[in-house]
$ cat model_18.pdb   # PDB, C-alpha atoms, pLDDT in the B column
ATOM      1  CA  MET A   1     123.249  34.358 -77.394  1.00 83.00           C
ATOM      2  CA  THR A   2     121.806  31.322 -79.105  1.00 90.00           C
ATOM      3  CA  ASP A   3     118.029  31.176 -78.830  1.00 95.00           C
ATOM      4  CA  PHE A   4     117.798  27.448 -78.127  1.00 96.00           C
ATOM      5  CA  GLU A   5     114.032  27.527 -77.818  1.00 96.00           C
ATOM      6  CA  SER A   6     113.534  29.106 -81.248  1.00 97.00           C
ATOM      7  CA  LEU A   7     115.894  26.646 -82.912  1.00 97.00           C
ATOM      8  CA  LEU A   8     114.258  23.640 -81.275  1.00 98.00           C
ATOM      9  CA  ARG A   9     110.777  24.970 -81.945  1.00 97.00           C
ATOM     10  CA  ALA A  10     111.587  25.420 -85.636  1.00 97.00           C
ATOM     11  CA  LEU A  11     113.033  21.911 -85.951  1.00 98.00           C
ATOM     12  CA  VAL A  12     110.351  20.111 -83.969  1.00 98.00           C
ATOM     13  CA  GLY A  13     107.567  22.174 -85.528  1.00 97.00           C
ATOM     14  CA  ALA A  14     108.692  21.199 -89.028  1.00 98.00           C
ATOM     15  CA  GLY A  15     108.890  17.535 -88.105  1.00 98.00           C
ATOM     16  CA  VAL A  16     112.649  17.338 -88.612  1.00 98.00           C
ATOM     17  CA  GLU A  17     114.143  14.073 -87.349  1.00 98.00           C
ATOM     18  CA  PHE A  18     117.190  14.967 -85.287  1.00 98.00           C
ATOM     19  CA  ILE A  19     119.002  14.017 -82.099  1.00 98.00           C
ATOM     20  CA  VAL A  20     120.587  16.586 -79.799  1.00 98.00           C
ATOM     21  CA  ILE A  21     124.185  15.823 -78.894  1.00 97.00           C
ATOM     22  CA  GLY A  22     126.987  17.989 -77.469  1.00 95.00           C
ATOM     23  CA  GLY A  23     126.687  20.545 -74.718  1.00 95.00           C
ATOM     24  CA  MET A  24     122.905  20.856 -74.772  1.00 97.00           C
ATOM     25  CA  ALA A  25     122.558  17.090 -74.359  1.00 97.00           C
ATOM     26  CA  ALA A  26     125.048  17.282 -71.490  1.00 97.00           C
ATOM     27  CA  THR A  27     122.922  19.984 -69.891  1.00 97.00           C
ATOM     28  CA  ALA A  28     119.752  17.946 -70.267  1.00 98.00           C
ATOM     29  CA  HIS A  29     121.485  15.056 -68.498  1.00 97.00           C
ATOM     30  CA  GLY A  30     122.639  17.268 -65.620  1.00 97.00           C
ATOM     31  CA  SER A  31     125.958  18.837 -66.589  1.00 97.00           C
ATOM     32  CA  ALA A  32     126.768  22.086 -64.807  1.00 95.00           C
ATOM     33  CA  HIS A  33     128.609  23.577 -67.800  1.00 93.00           C
ATOM     34  CA  VAL A  34     127.081  26.168 -70.084  1.00 92.00           C
ATOM     35  CA  THR A  35     127.028  25.788 -73.841  1.00 93.00           C
ATOM     36  CA  VAL A  36     126.713  28.407 -76.543  1.00 92.00           C
ATOM     37  CA  ASP A  37     125.475  26.396 -79.496  1.00 94.00           C
ATOM     38  CA  LEU A  38     123.080  23.646 -80.425  1.00 97.00           C
ATOM     39  CA  ASP A  39     124.576  20.438 -81.845  1.00 97.00           C
ATOM     40  CA  VAL A  40     122.290  18.028 -83.645  1.00 98.00           C
ATOM     41  CA  VAL A  41     122.624  14.908 -85.767  1.00 98.00           C
ATOM     42  CA  TYR A  42     119.962  15.009 -88.472  1.00 98.00           C
ATOM     43  CA  ARG A  43     118.562  12.094 -90.461  1.00 98.00           C
ATOM     44  CA  ARG A  44     119.840  12.074 -94.012  1.00 97.00           C
ATOM     45  CA  THR A  45     116.764  10.912 -95.849  1.00 98.00           C
ATOM     46  CA  PRO A  46     115.508  13.053 -98.749  1.00 98.00           C
ATOM     47  CA  ASP A  47     112.266  13.927 -96.958  1.00 98.00           C
ATOM     48  CA  ASN A  48     114.007  14.890 -93.755  1.00 98.00           C
ATOM     49  CA  ILE A  49     116.642  16.914 -95.573  1.00 98.00           C
ATOM     50  CA  ALA A  50     113.847  18.844 -97.300  1.00 98.00           C
ATOM     51  CA  ARG A  51     112.108  19.462 -93.954  1.00 98.00           C
ATOM     52  CA  PHE A  52     115.377  20.535 -92.375  1.00 98.00           C
ATOM     53  CA  ALA A  53     116.151  23.016 -95.147  1.00 98.00           C
ATOM     54  CA  ALA A  54     112.615  24.454 -94.994  1.00 98.00           C
ATOM     55  CA  ALA A  55     112.726  24.755 -91.199  1.00 98.00           C
ATOM     56  CA  MET A  56     115.997  26.656 -91.275  1.00 97.00           C
ATOM     57  CA  ALA A  57     115.258  28.922 -94.236  1.00 97.00           C
ATOM     58  CA  PRO A  58     113.548  31.681 -92.186  1.00 96.00           C
ATOM     59  CA  MET A  59     116.612  31.757 -89.922  1.00 96.00           C
ATOM     60  CA  GLN A  60     118.966  32.557 -92.787  1.00 95.00           C
ATOM     61  CA  PRO A  61     121.642  29.965 -92.001  1.00 97.00           C
ATOM     62  CA  TYR A  62     125.152  30.809 -93.136  1.00 97.00           C
ATOM     63  CA  LEU A  63     128.525  29.128 -92.735  1.00 96.00           C
ATOM     64  CA  ARG A  64     129.978  30.164 -89.386  1.00 95.00           C
ATOM     65  CA  GLY A  65     133.305  31.924 -89.752  1.00 93.00           C
ATOM     66  CA  ALA A  66     133.045  32.249 -93.521  1.00 94.00           C
ATOM     67  CA  PRO A  67     133.506  35.647 -95.146  1.00 94.00           C
ATOM     68  CA  PRO A  68     130.228  37.381 -95.957  1.00 90.00           C
ATOM     69  CA  GLY A  69     128.875  37.310 -99.472  1.00 90.00           C
ATOM     70  CA  LEU A  70     129.577  33.694-100.396  1.00 92.00           C
ATOM     71  CA  PRO A  71     126.910  32.112-102.620  1.00 91.00           C
ATOM     72  CA  PHE A  72     125.862  29.738 -99.844  1.00 93.00           C
ATOM     73  CA  ARG A  73     122.304  28.517 -99.581  1.00 94.00           C
ATOM     74  CA  PHE A  74     121.318  25.981 -96.954  1.00 96.00           C
ATOM     75  CA  ASP A  75     118.881  24.198 -99.201  1.00 97.00           C
ATOM     76  CA  ALA A  76     118.197  20.514 -99.799  1.00 97.00           C
ATOM     77  CA  ASP A  77     120.811  20.252-102.569  1.00 97.00           C
ATOM     78  CA  THR A  78     123.497  21.781-100.362  1.00 97.00           C
ATOM     79  CA  ILE A  79     122.631  19.470 -97.485  1.00 98.00           C
ATOM     80  CA  LYS A  80     122.696  16.427 -99.794  1.00 97.00           C
ATOM     81  CA  ARG A  81     126.106  17.398-101.175  1.00 96.00           C
ATOM     82  CA  GLY A  82     127.547  18.075 -97.743  1.00 96.00           C
ATOM     83  CA  LEU A  83     127.386  16.248 -94.431  1.00 97.00           C
ATOM     84  CA  ASN A  84     128.322  18.332 -91.395  1.00 97.00           C
ATOM     85  CA  PHE A  85     127.609  22.064 -91.246  1.00 97.00           C
ATOM     86  CA  THR A  86     128.650  24.638 -88.668  1.00 97.00           C
ATOM     87  CA  LEU A  87     126.088  27.359 -89.095  1.00 97.00           C
ATOM     88  CA  VAL A  88     125.272  30.766 -87.748  1.00 97.00           C
ATOM     89  CA  THR A  89     121.559  31.558 -87.915  1.00 97.00           C
ATOM     90  CA  ALA A  90     119.286  34.398 -86.887  1.00 96.00           C
ATOM     91  CA  ALA A  91     118.604  32.358 -83.736  1.00 97.00           C
ATOM     92  CA  GLY A  92     122.259  31.609 -83.016  1.00 95.00           C
ATOM     93  CA  ASP A  93     124.801  28.912 -83.671  1.00 97.00           C
ATOM     94  CA  LEU A  94     123.757  25.498 -84.918  1.00 97.00           C
ATOM     95  CA  ASP A  95     126.045  22.564 -85.662  1.00 97.00           C
ATOM     96  CA  ALA A  96     124.143  20.205 -87.940  1.00 97.00           C
ATOM     97  CA  MET A  97     125.827  16.859 -88.410  1.00 97.00           C
ATOM     98  CA  GLY A  98     124.964  14.047 -90.746  1.00 97.00           C
ATOM     99  CA  GLU A  99     127.443  11.970 -88.793  1.00 95.00           C
ATOM    100  CA  ALA A 100     129.102  12.777 -85.493  1.00 93.00           C
ATOM    101  CA  THR A 101     132.722  11.790 -84.931  1.00 85.00           C
ATOM    102  CA  GLY A 102     132.840   8.247 -83.663  1.00 79.00           C
ATOM    103  CA  GLY A 103     130.290   6.918 -86.113  1.00 71.00           C
ATOM    104  CA  GLY A 104     127.133   8.589 -84.951  1.00 85.00           C
ATOM    105  CA  THR A 105     124.599   8.721 -87.751  1.00 94.00           C
ATOM    106  CA  TYR A 106     120.963   9.367 -86.861  1.00 96.00           C
ATOM    107  CA  GLU A 107     120.124   5.707 -87.364  1.00 95.00           C
ATOM    108  CA  MET A 108     123.009   4.596 -85.154  1.00 93.00           C
ATOM    109  CA  LEU A 109     122.208   7.052 -82.401  1.00 94.00           C
ATOM    110  CA  TRP A 110     118.431   6.603 -82.408  1.00 95.00           C
ATOM    111  CA  PRO A 111     118.445   3.402 -80.279  1.00 94.00           C
ATOM    112  CA  ARG A 112     120.787   5.221 -77.902  1.00 93.00           C
ATOM    113  CA  SER A 113     118.558   8.238 -77.459  1.00 96.00           C
ATOM    114  CA  GLU A 114     115.576   9.302 -75.392  1.00 96.00           C
ATOM    115  CA  VAL A 115     112.883  11.936 -75.681  1.00 98.00           C
ATOM    116  CA  ARG A 116     112.708  14.662 -73.043  1.00 97.00           C
ATOM    117  CA  GLN A 117     110.275  17.553 -72.813  1.00 97.00           C
ATOM    118  CA  ILE A 118     112.104  20.863 -73.287  1.00 96.00           C
ATOM    119  CA  PHE A 119     110.208  24.154 -73.638  1.00 96.00           C
ATOM    120  CA  GLY A 120     107.106  21.991 -73.878  1.00 96.00           C
ATOM    121  CA  LEU A 121     108.545  20.249 -76.934  1.00 97.00           C
ATOM    122  CA  PRO A 122     109.404  16.571 -77.361  1.00 98.00           C
ATOM    123  CA  VAL A 123     113.122  16.669 -78.074  1.00 98.00           C
ATOM    124  CA  ARG A 124     115.261  13.606 -78.656  1.00 98.00           C
ATOM    125  CA  PHE A 125     118.626  13.572 -76.852  1.00 97.00           C
ATOM    126  CA  VAL A 126     121.457  11.087 -77.119  1.00 96.00           C
ATOM    127  CA  ASP A 127     121.756   9.102 -73.894  1.00 95.00           C
ATOM    128  CA  LEU A 128     124.474   9.885 -71.371  1.00 95.00           C
ATOM    129  CA  GLU A 129     126.637   6.836 -72.075  1.00 92.00           C
ATOM    130  CA  THR A 130     126.693   7.523 -75.807  1.00 93.00           C
ATOM    131  CA  LEU A 131     127.353  11.202 -75.208  1.00 94.00           C
ATOM    132  CA  ILE A 132     130.428  10.220 -73.200  1.00 93.00           C
ATOM    133  CA  TYR A 133     131.502   7.914 -76.008  1.00 91.00           C
ATOM    134  CA  LEU A 134     131.056  10.637 -78.646  1.00 91.00           C
ATOM    135  CA  LYS A 135     132.959  13.190 -76.570  1.00 90.00           C
ATOM    136  CA  ARG A 136     135.785  10.737 -76.122  1.00 89.00           C
ATOM    137  CA  ALA A 137     135.771   9.862 -79.818  1.00 86.00           C
ATOM    138  CA  ALA A 138     136.027  13.530 -80.744  1.00 85.00           C
ATOM    139  CA  GLY A 139     139.369  13.483 -78.933  1.00 80.00           C
ATOM    140  CA  ARG A 140     139.516  17.222 -78.407  1.00 84.00           C
ATOM    141  CA  PRO A 141     141.633  18.392 -75.471  1.00 84.00           C
ATOM    142  CA  LYS A 142     138.918  20.890 -74.518  1.00 83.00           C
ATOM    143  CA  ASP A 143     136.505  17.968 -74.028  1.00 87.00           C
ATOM    144  CA  LEU A 144     138.591  16.160 -71.400  1.00 90.00           C
ATOM    145  CA  GLU A 145     137.186  18.211 -68.547  1.00 91.00           C
ATOM    146  CA  ARG A 146     133.673  17.759 -69.923  1.00 94.00           C
ATOM    147  CA  VAL A 147     134.126  14.001 -70.214  1.00 94.00           C
ATOM    148  CA  ALA A 148     135.338  13.863 -66.624  1.00 95.00           C
ATOM    149  CA  GLU A 149     132.206  15.687 -65.518  1.00 96.00           C
ATOM    150  CA  LEU A 150     129.924  13.447 -67.600  1.00 96.00           C
ATOM    151  CA  GLU A 151     131.520  10.317 -66.201  1.00 94.00           C
ATOM    152  CA  ALA A 152     131.122  11.688 -62.686  1.00 95.00           C
ATOM    153  CA  LEU A 153     127.502  12.413 -63.553  1.00 96.00           C
ATOM    154  CA  HIS A 154     127.095   8.842 -64.744  1.00 93.00           C
ATOM    155  CA  ALA A 155     128.452   7.603 -61.418  1.00 93.00           C
ATOM    156  CA  GLU A 156     126.131   9.914 -59.464  1.00 94.00           C
ATOM    157  CA  ARG A 157     123.127   8.698 -61.448  1.00 92.00           C
ATOM    158  CA  ALA A 158     124.086   5.103 -60.727  1.00 88.00           C
ATOM    159  CA  LYS A 159     123.806   5.877 -57.009  1.00 86.00           C
ATOM    160  CA  GLU A 160     120.172   6.977 -57.376  1.00 79.00           C
TER     161      GLU A 160
ATOM    162  CA  MET B   1     121.423   2.176 -71.291  1.00 40.00           C
ATOM    163  CA  ILE B   2     124.246   0.448 -73.132  1.00 44.00           C
ATOM    164  CA  ALA B   3     124.591  -3.232 -72.304  1.00 46.00           C
ATOM    165  CA  ALA B   4     127.715  -4.352 -70.480  1.00 43.00           C
ATOM    166  CA  ALA B   5     128.868  -6.372 -73.489  1.00 45.00           C
ATOM    167  CA  ASP B   6     128.239  -3.539 -75.951  1.00 56.00           C
ATOM    168  CA  PRO B   7     131.482  -2.681 -77.809  1.00 55.00           C
ATOM    169  CA  LEU B   8     130.670   0.984 -77.315  1.00 59.00           C
ATOM    170  CA  TRP B   9     130.515   0.613 -73.565  1.00 52.00           C
ATOM    171  CA  LEU B  10     133.631  -1.584 -73.470  1.00 51.00           C
ATOM    172  CA  SER B  11     135.512   1.214 -75.215  1.00 59.00           C
ATOM    173  CA  LEU B  12     134.939   3.425 -72.190  1.00 70.00           C
ATOM    174  CA  GLU B  13     137.902   2.091 -70.278  1.00 78.00           C
ATOM    175  CA  PRO B  14     139.183   4.450 -67.585  1.00 83.00           C
ATOM    176  CA  ASP B  15     141.452   7.074 -69.083  1.00 84.00           C
ATOM    177  CA  PRO B  16     144.173   8.336 -66.717  1.00 88.00           C
ATOM    178  CA  VAL B  17     143.880  11.931 -67.945  1.00 88.00           C
ATOM    179  CA  ILE B  18     140.117  11.938 -67.518  1.00 90.00           C
ATOM    180  CA  GLU B  19     140.483  10.314 -64.111  1.00 90.00           C
ATOM    181  CA  ALA B  20     142.822  13.137 -63.098  1.00 91.00           C
ATOM    182  CA  TYR B  21     140.242  15.723 -64.143  1.00 91.00           C
ATOM    183  CA  LYS B  22     137.517  13.944 -62.188  1.00 91.00           C
ATOM    184  CA  LYS B  23     138.923  14.921 -58.822  1.00 91.00           C
ATOM    185  CA  ASP B  24     138.129  18.553 -59.632  1.00 90.00           C
ATOM    186  CA  VAL B  25     134.513  17.917 -60.616  1.00 94.00           C
ATOM    187  CA  ASP B  26     132.081  19.616 -58.231  1.00 94.00           C
ATOM    188  CA  ARG B  27     129.692  16.744 -57.608  1.00 95.00           C
ATOM    189  CA  THR B  28     127.438  18.872 -55.418  1.00 96.00           C
ATOM    190  CA  LEU B  29     126.392  20.783 -58.551  1.00 96.00           C
ATOM    191  CA  LEU B  30     125.664  17.534 -60.339  1.00 97.00           C
ATOM    192  CA  ARG B  31     123.590  16.214 -57.444  1.00 96.00           C
ATOM    193  CA  GLU B  32     121.535  19.408 -57.414  1.00 96.00           C
ATOM    194  CA  ASN B  33     121.003  19.202 -61.173  1.00 97.00           C
ATOM    195  CA  LEU B  34     119.892  15.585 -60.918  1.00 97.00           C
ATOM    196  CA  LYS B  35     116.997  16.739 -58.728  1.00 97.00           C
ATOM    197  CA  LEU B  36     115.679  18.831 -61.646  1.00 97.00           C
ATOM    198  CA  THR B  37     113.822  17.856 -64.789  1.00 97.00           C
ATOM    199  CA  ALA B  38     115.634  18.093 -68.123  1.00 97.00           C
ATOM    200  CA  ASP B  39     113.598  21.208 -68.913  1.00 98.00           C
ATOM    201  CA  GLU B  40     114.608  22.820 -65.624  1.00 98.00           C
ATOM    202  CA  ARG B  41     118.267  21.978 -66.263  1.00 98.00           C
ATOM    203  CA  VAL B  42     118.166  23.604 -69.702  1.00 97.00           C
ATOM    204  CA  ARG B  43     116.424  26.730 -68.379  1.00 97.00           C
ATOM    205  CA  LYS B  44     118.944  26.976 -65.537  1.00 97.00           C
ATOM    206  CA  MET B  45     121.845  26.718 -68.000  1.00 96.00           C
ATOM    207  CA  ILE B  46     120.340  29.440 -70.209  1.00 95.00           C
ATOM    208  CA  ALA B  47     119.909  31.721 -67.181  1.00 95.00           C
ATOM    209  CA  ALA B  48     123.573  31.143 -66.297  1.00 93.00           C
ATOM    210  CA  LEU B  49     124.593  31.853 -69.876  1.00 91.00           C
ATOM    211  CA  ARG B  50     122.624  35.116 -69.833  1.00 91.00           C
ATOM    212  CA  LEU B  51     124.398  36.135 -66.633  1.00 90.00           C
ATOM    213  CA  VAL B  52     127.823  35.381 -68.156  1.00 87.00           C
ATOM    214  CA  GLU B  53     126.961  37.462 -71.204  1.00 87.00           C
ATOM    215  CA  GLU B  54     125.738  40.339 -69.037  1.00 89.00           C
ATOM    216  CA  ILE B  55     129.010  40.279 -67.112  1.00 90.00           C
ATOM    217  CA  GLN B  56     130.984  40.215 -70.340  1.00 87.00           C
ATOM    218  CA  ARG B  57     128.992  43.178 -71.672  1.00 87.00           C
ATOM    219  CA  SER B  58     129.608  45.139 -68.493  1.00 89.00           C
ATOM    220  CA  ARG B  59     133.363  44.774 -69.064  1.00 84.00           C
ATOM    221  CA  GLU B  60     133.231  46.200 -72.583  1.00 81.00           C
ATOM    222  CA  PRO B  61     134.632  49.745 -72.870  1.00 78.00           C
ATOM    223  CA  ARG B  62     131.928  52.385 -73.213  1.00 69.00           C
TER     224      ARG B  62
END
$ encode --input "model_18.pdb" --output "structure tokens"
Amino acid sequence: MTDFESLLRALVGAGVEFIVIGGMAATAHGSAHVTVDLDVVYRRTPDNIARFAAAMAPMQPYLRGAPPGLPFRFDADTIKRGLNFTLVTAAGDLDAMGEATGGGTYEMLWPRSEVRQIFGLPVRFVDLETLIYLKRAAGRPKDLERVAELEALHAERAKE
Amino acid sequence: MIAAADPLWLSLEPDPVIEAYKKDVDRTLLRENLKLTADERVRKMIAALRLVEEIQRSREPR
């Protein structure tokens, strides 16, 4: 099982600029679904990429689903050359995105995000409306049920 | 909150498929979750995930 606390603690502790999206963001907003991985959009500045690579190094990130033994290193050069990475780490699964489907870079999502305290850590989450938008933009059939729940959640929150 | 005139928000027109799924959403669970803090929601989800994994492990042949 993904150790969400360890992943978040490593990222926040290293000062990585990132925004949580996906299932964990849905949970933080009140979704009743469970999620098995952590999805983040990271800021693609050289300094942040270096912090991100250093934060993840002790967790031995590797490409999820790839055959073992590939010469893959999740270092700053690799992150600069790539964009979105689906990783397996010693603390579980991490999807690290430079840009989420629907046009969600860190800079674009930042004004549409909010900080919540999780495990005693200040963690930035995309807001509910933008999460709905991103899920819709992803266009995956498996997300339809999730989107329905998030929109119902949005309606319930509006009643408060 | 996205402003009413925000193009992003305008793109969230009702989708008939999503609307069909909505009738099956258990809103009582959502209302209970809304009473919790974000931290409590995450911890509750992780506890549920642990339970699911325990159940899955118990089904594995020994």
$ interface_residues --input "model_18.pdb" --of "chain B" --to "chain A" --cutoff "7 Å" --atoms "only C-alpha atoms" --output "list of chain:residue names"
B:Ile2, B:Leu12, B:Ile18, B:Glu19, B:Tyr21, B:Lys22, B:Val25, B:Leu29, B:Leu30, B:Asn33, B:Leu34, B:Ala38, B:Asp39, B:Arg41, B:Val42, B:Met45, B:Leu49
$ write_last_selection --input "model_18.pdb" --atoms "C-alpha atoms" --output "mmCIF file, in the coordinates of the input"
data_model
loop_
_atom_site.group_PDB
_atom_site.id
_atom_site.type_symbol
_atom_site.label_atom_id
_atom_site.label_comp_id
_atom_site.auth_asym_id
_atom_site.auth_seq_id
_atom_site.Cartn_x
_atom_site.Cartn_y
_atom_site.Cartn_z
ATOM 1 C CA ILE B 2 124.246 0.448 -73.132
ATOM 2 C CA LEU B 12 134.939 3.425 -72.190
ATOM 3 C CA ILE B 18 140.117 11.938 -67.518
ATOM 4 C CA GLU B 19 140.483 10.314 -64.111
ATOM 5 C CA TYR B 21 140.242 15.723 -64.143
ATOM 6 C CA LYS B 22 137.517 13.944 -62.188
ATOM 7 C CA VAL B 25 134.513 17.917 -60.616
ATOM 8 C CA LEU B 29 126.392 20.783 -58.551
ATOM 9 C CA LEU B 30 125.664 17.534 -60.339
ATOM 10 C CA ASN B 33 121.003 19.202 -61.173
ATOM 11 C CA LEU B 34 119.892 15.585 -60.918
ATOM 12 C CA ALA B 38 115.634 18.093 -68.123
ATOM 13 C CA ASP B 39 113.598 21.208 -68.913
ATOM 14 C CA ARG B 41 118.267 21.978 -66.263
ATOM 15 C CA VAL B 42 118.166 23.604 -69.702
ATOM 16 C CA MET B 45 121.845 26.718 -68.000
ATOM 17 C CA LEU B 49 124.593 31.853 -69.876
#
$ closest_residue --input "model_18.pdb" --among "A:Arg81, A:Arg124, A:Arg44, A:Arg73" --to "A:Pro58" --atoms "only C-alpha atoms"
A:Arg73
$ resolve_selection --input "model_18.pdb" --expression "the PyMOL selection byres ((chain A and resi 97) around 12)" --output "MDAnalysis selection string"
chainID A and resid 18:22 38:44 49 52 79:80 82:87 94:96 98:101 103:106
$ atom_distance --input "model_18.pdb" --atom1 "atom CA of A:Ala50" --atom2 "atom CA of A:Ala76"
5.3 Å
$ atom_distance --input "model_18.pdb" --atom1 "atom CA of A:Asn48" --atom2 "atom CA of B:Ile46"
28.4 Å
$ atom_distance --input "model_18.pdb" --atom1 "atom CA of A:Asp47" --atom2 "atom CA of A:Glu17"
9.8 Å
$ axis_aligned_box --input "model_18.pdb" --around "stretch 65-73 of chain A" --padding-each-side "6 Å" --output "JSON"
{"center_x": 127.9, "center_y": 32.9, "center_z": -96.2, "size_x": 23.2, "size_y": 20.9, "size_z": 24.9}
$ closest_residue --input "model_18.pdb" --among "A:Val115, A:Ala57, A:Leu109, A:Ala158" --to "A:Thr89" --atoms "all atoms listed in the file"
A:Ala57
$ decode --input "model_18.pdb" --residues "stretch 39-50 of chain B" --atoms "N, CA, C and O atoms" --output "PDB file, in the first residue's frame"
ATOM      1  N   ASP B  39      -7.576  16.376   6.951  1.00  0.00           N
ATOM      2  CA  ASP B  39      -6.693  15.371   7.545  1.00  0.00           C
ATOM      3  C   ASP B  39      -7.491  14.147   7.979  1.00  0.00           C
ATOM      4  O   ASP B  39      -7.080  13.001   7.730  1.00  0.00           O
ATOM      5  N   GLU B  40      -8.623  14.367   8.598  1.00  0.00           N
ATOM      6  CA  GLU B  40      -9.461  13.237   9.033  1.00  0.00           C
ATOM      7  C   GLU B  40      -9.986  12.445   7.832  1.00  0.00           C
ATOM      8  O   GLU B  40     -10.073  11.211   7.892  1.00  0.00           O
ATOM      9  N   ARG B  41     -10.317  13.133   6.762  1.00  0.00           N
ATOM     10  CA  ARG B  41     -10.795  12.433   5.557  1.00  0.00           C
ATOM     11  C   ARG B  41      -9.711  11.534   4.978  1.00  0.00           C
ATOM     12  O   ARG B  41      -9.970  10.397   4.587  1.00  0.00           O
ATOM     13  N   VAL B  42      -8.478  12.067   4.924  1.00  0.00           N
ATOM     14  CA  VAL B  42      -7.366  11.280   4.377  1.00  0.00           C
ATOM     15  C   VAL B  42      -7.090  10.071   5.274  1.00  0.00           C
ATOM     16  O   VAL B  42      -6.915   8.949   4.788  1.00  0.00           O
ATOM     17  N   ARG B  43      -7.075  10.270   6.572  1.00  0.00           N
ATOM     18  CA  ARG B  43      -6.804   9.147   7.489  1.00  0.00           C
ATOM     19  C   ARG B  43      -7.910   8.086   7.408  1.00  0.00           C
ATOM     20  O   ARG B  43      -7.643   6.891   7.477  1.00  0.00           O
ATOM     21  N   LYS B  44      -9.132   8.543   7.239  1.00  0.00           N
ATOM     22  CA  LYS B  44     -10.263   7.606   7.102  1.00  0.00           C
ATOM     23  C   LYS B  44     -10.117   6.789   5.821  1.00  0.00           C
ATOM     24  O   LYS B  44     -10.351   5.578   5.809  1.00  0.00           O
ATOM     25  N   MET B  45      -9.727   7.449   4.732  1.00  0.00           N
ATOM     26  CA  MET B  45      -9.545   6.749   3.455  1.00  0.00           C
ATOM     27  C   MET B  45      -8.440   5.710   3.577  1.00  0.00           C
ATOM     28  O   MET B  45      -8.571   4.577   3.097  1.00  0.00           O
ATOM     29  N   ILE B  46      -7.337   6.075   4.238  1.00  0.00           N
ATOM     30  CA  ILE B  46      -6.214   5.139   4.387  1.00  0.00           C
ATOM     31  C   ILE B  46      -6.633   3.937   5.233  1.00  0.00           C
ATOM     32  O   ILE B  46      -6.280   2.794   4.926  1.00  0.00           O
ATOM     33  N   ALA B  47      -7.424   4.174   6.268  1.00  0.00           N
ATOM     34  CA  ALA B  47      -7.926   3.058   7.089  1.00  0.00           C
ATOM     35  C   ALA B  47      -8.791   2.131   6.246  1.00  0.00           C
ATOM     36  O   ALA B  47      -8.698   0.896   6.355  1.00  0.00           O
ATOM     37  N   ALA B  48      -9.621   2.714   5.381  1.00  0.00           N
ATOM     38  CA  ALA B  48     -10.474   1.900   4.501  1.00  0.00           C
ATOM     39  C   ALA B  48      -9.624   1.110   3.511  1.00  0.00           C
ATOM     40  O   ALA B  48      -9.895  -0.066   3.236  1.00  0.00           O
ATOM     41  N   LEU B  49      -8.588   1.755   3.015  1.00  0.00           N
ATOM     42  CA  LEU B  49      -7.692   1.086   2.061  1.00  0.00           C
ATOM     43  C   LEU B  49      -6.981  -0.087   2.728  1.00  0.00           C
ATOM     44  O   LEU B  49      -6.835  -1.165   2.137  1.00  0.00           O
ATOM     45  N   ARG B  50      -6.569   0.118   3.978  1.00  0.00           N
ATOM     46  CA  ARG B  50      -5.906  -0.974   4.723  1.00  0.00           C
ATOM     47  C   ARG B  50      -6.860  -2.167   4.886  1.00  0.00           C
ATOM     48  O   ARG B  50      -6.467  -3.317   4.742  1.00  0.00           O
TER      49      ARG B  50
END
